[in-house]
Amino acid sequence: MRIFDAHFHIINFNFPIIENQGYLPPNYVVKDYQNETTDLNVLGGIVSGSFQGFHQEYLLNALKQMGTTFCGVTQLPFTVTNEEIINLNEKGVKALRFNIKRGGSEDLSKLDYFARRVYDLVGWHSELYIDAKELPEITSIIEKLPAISIDHLGLSEEGLPHLLKLIDKGIHVKATGFGRVELNVEKTLRSIYETNPDALMFGTDLPSTRAKRPFEYTDIELIQQLFDEQATDKILYTNALKWYFK
């Protein structure tokens with residue numbers, strides 16, 4: 001078994017940390033992540049930030065420690081220069097994140113312009129942390145964008161029909177945060193895979209900040225039980241590898 005961890009956070013208090021909605025996350029540095037995933041054969045992965053605002057130092061520091069098989073997902077203001085984007089790309093950042101659920105990122109009104117800009121400039125996709133029930137408000141924008149992924153299975157059962165329509169048009173989805181979603185995980189995984197077998201990308205969601213239940217090894221076992229070996233490898237590894245390192 002090989003895993004491309006498509007979603008986890010490095011939280012290093014040696015760098016700026018921003019309180020988010022009255023919450024401060026635990027310190028969770030690269031060594032903590034490496035210790036927790038020692039037995040998982042993680043061959044690639046993402047470092048994505050929610051509590052760092054537009055600060056980049058923590059991310060570049062983490063990527064330097066983790067090596068070239070890992071890549072970063074960052075939050076940026078739309079006023080960022082092309083030179084800054086190119087520099088981040090050269091240092092291993094591969095995606096732009098809009099945190100609609102928690103805030104701290106660029107405003108959703110900039111999605112159309114900004115997603116196209118980073119894609120055209122350096123080939124990045126854009127990631128949305130959003131409850132899928134809110135997708136109808138921006139569906140007309142998303143379905144025309146070149147590369148978009150949605151975090152945590154879209155979060156809600158109510159949003160699943162909207163999510164599946166977009167998946168059918170090429171949107172990718174992170175099979176992450178099973179302990180934070182309000183939906184039937186098994187049913188949702190099956191529905192997404194049947195709609196587009198290339199869409200699902202597994203992630204540990206470590207350190208599972210604010211989740212009702214943190215990541216457990218049984219989350220991986222669930223995927224192994226639901227799908228055959230070929231499908232499991234796509235979900236755990238190849239789908240994300242092709243998406244982030246295209």
# chains A, B, ... in the order shown; residues from 1 in each chain; ligands from 1

call {"tool": "residues_around", "arguments": {"residues": "range 130-135 of chain A", "least_positions_apart": "4", "cutoff": "7 Å", "atoms": "only C-alpha atoms", "output": "list in words"}}
result
Asn99, Ile100, Lys101, Thr139, Gly154, Leu155, Ser156, Glu158, Gly159, Leu160, His162 and Leu163 of chain A

call {"tool": "residues_around", "arguments": {"residues": "range 113-125 of chain A", "least_positions_apart": "6", "cutoff": "6 Å", "atoms": "only C-alpha atoms", "output": "JSON, numbers by chain"}}
result
{"A": [94, 95, 147, 148]}

call {"tool": "residues_around", "arguments": {"residues": "Ala175 in chain A", "least_positions_apart": "2", "cutoff": "12 Å", "atoms": "only C-alpha atoms", "output": "PyMOL selection string"}}
result
chain A and resi 4-8+149-155+172-173+177-181+185-186+188-190+192-193+199-205+215+219-220+222-223+232+234-237+239-240

call {"tool": "select_by_dssp", "arguments": {"residues": "range 41-127 of chain A", "states": "strand (DSSP E or B)", "output": "number ranges by chain"}}
result
A: 42-48, 70-74, 93-99, 125-127

call {"tool": "residues_around", "arguments": {"residues": "Glu90 in chain A", "least_positions_apart": "2", "cutoff": "12 Å", "atoms": "only C-alpha atoms", "output": "PyMOL selection string"}}
result
chain A and resi 60+63-64+68+71-72+83-88+92-94+122-124

call {"tool": "write_last_selection", "arguments": {"atoms": "C-alpha atoms", "output": "compact mmCIF listing (two decimals), in the first residue's frame"}}
result
# COMPACT_ATOMS: atom_id res chain seq x y z
CA LEU A 60 8.37 26.89 3.04
CA LEU A 63 8.50 21.80 2.66
CA LYS A 64 12.26 22.17 3.02
CA THR A 68 10.59 17.16 -2.89
CA CYS A 71 4.13 19.84 -1.95
CA GLY A 72 2.23 22.75 -0.48
CA GLU A 83 6.97 36.86 -9.11
CA GLU A 84 5.86 35.72 -5.65
CA ILE A 85 3.62 33.02 -7.12
CA ILE A 86 6.42 31.75 -9.37
CA ASN A 87 8.83 31.72 -6.42
CA LEU A 88 6.40 29.67 -4.30
CA GLY A 92 7.12 23.25 -3.97
CA VAL A 93 3.75 24.99 -3.60
CA LYS A 94 1.24 23.48 -6.04
CA VAL A 122 2.04 28.07 -12.87
CA GLY A 123 -0.57 25.32 -13.41
CA TRP A 124 -1.98 25.34 -9.87

call {"tool": "residues_around", "arguments": {"residues": "Thr69 in chain A", "least_positions_apart": "4", "cutoff": "10 Å", "atoms": "only C-alpha atoms", "output": "ChimeraX atom specification"}}
result
/A:4,42-46,63,92,241,245

call {"tool": "write_last_selection", "arguments": {"atoms": "C-alpha atoms", "output": "tab-separated table (two decimals), in the first residue's frame"}}
result
chain	number	residue	atom	x	y	z
A	4	PHE	CA	-0.26	10.31	-1.13
A	42	VAL	CA	3.45	8.08	2.76
A	43	LEU	CA	5.29	8.69	-0.50
A	44	GLY	CA	4.01	12.19	-1.18
A	45	GLY	CA	1.74	14.75	0.33
A	46	ILE	CA	0.45	18.21	0.99
A	63	LEU	CA	8.50	21.80	2.66
A	92	GLY	CA	7.12	23.25	-3.97
A	241	LEU	CA	-0.19	12.27	-7.44
A	245	PHE	CA	2.27	16.87	-9.87

call {"tool": "closest_residue", "arguments": {"among": "A:Ile167, A:Leu128, A:Leu206, A:Leu40", "to": "Thr74 in chain A", "atoms": "only C-alpha atoms"}}
result
A:Leu128

call {"tool": "select_by_dssp", "arguments": {"residues": "range 92-204 of chain A", "states": "alpha helix (DSSP H)", "output": "PyMOL selection string"}}
result
chain A and resi 111-122+139-142+160-167+185-195

call {"tool": "closest_residue", "arguments": {"among": "A:Thr209, A:Asn82, A:Gln75, A:Gln230", "to": "Asn20 in chain A", "atoms": "only C-alpha atoms"}}
result
A:Thr209

call {"tool": "residues_around", "arguments": {"residues": "Asp32 in chain A", "least_positions_apart": "6", "cutoff": "10 Å", "atoms": "only C-alpha atoms", "output": "JSON, numbers by chain"}}
result
{"A": [10, 11, 206, 207]}

call {"tool": "atom_distance", "arguments": {"atom1": "CA of Arg97 in chain A", "atom2": "CA of Leu164 in chain A"}}
result
20.6 Å

call {"tool": "atom_distance", "arguments": {"atom1": "CA of Asp168 in chain A", "atom2": "CA of Asn196 in chain A"}}
result
6.2 Å

call {"tool": "residues_around", "arguments": {"residues": "Arg210 in chain A", "least_positions_apart": "3", "cutoff": "9 Å", "atoms": "only C-alpha atoms", "output": "ChimeraX atom specification"}}
result
/A:23,25,180,213-214
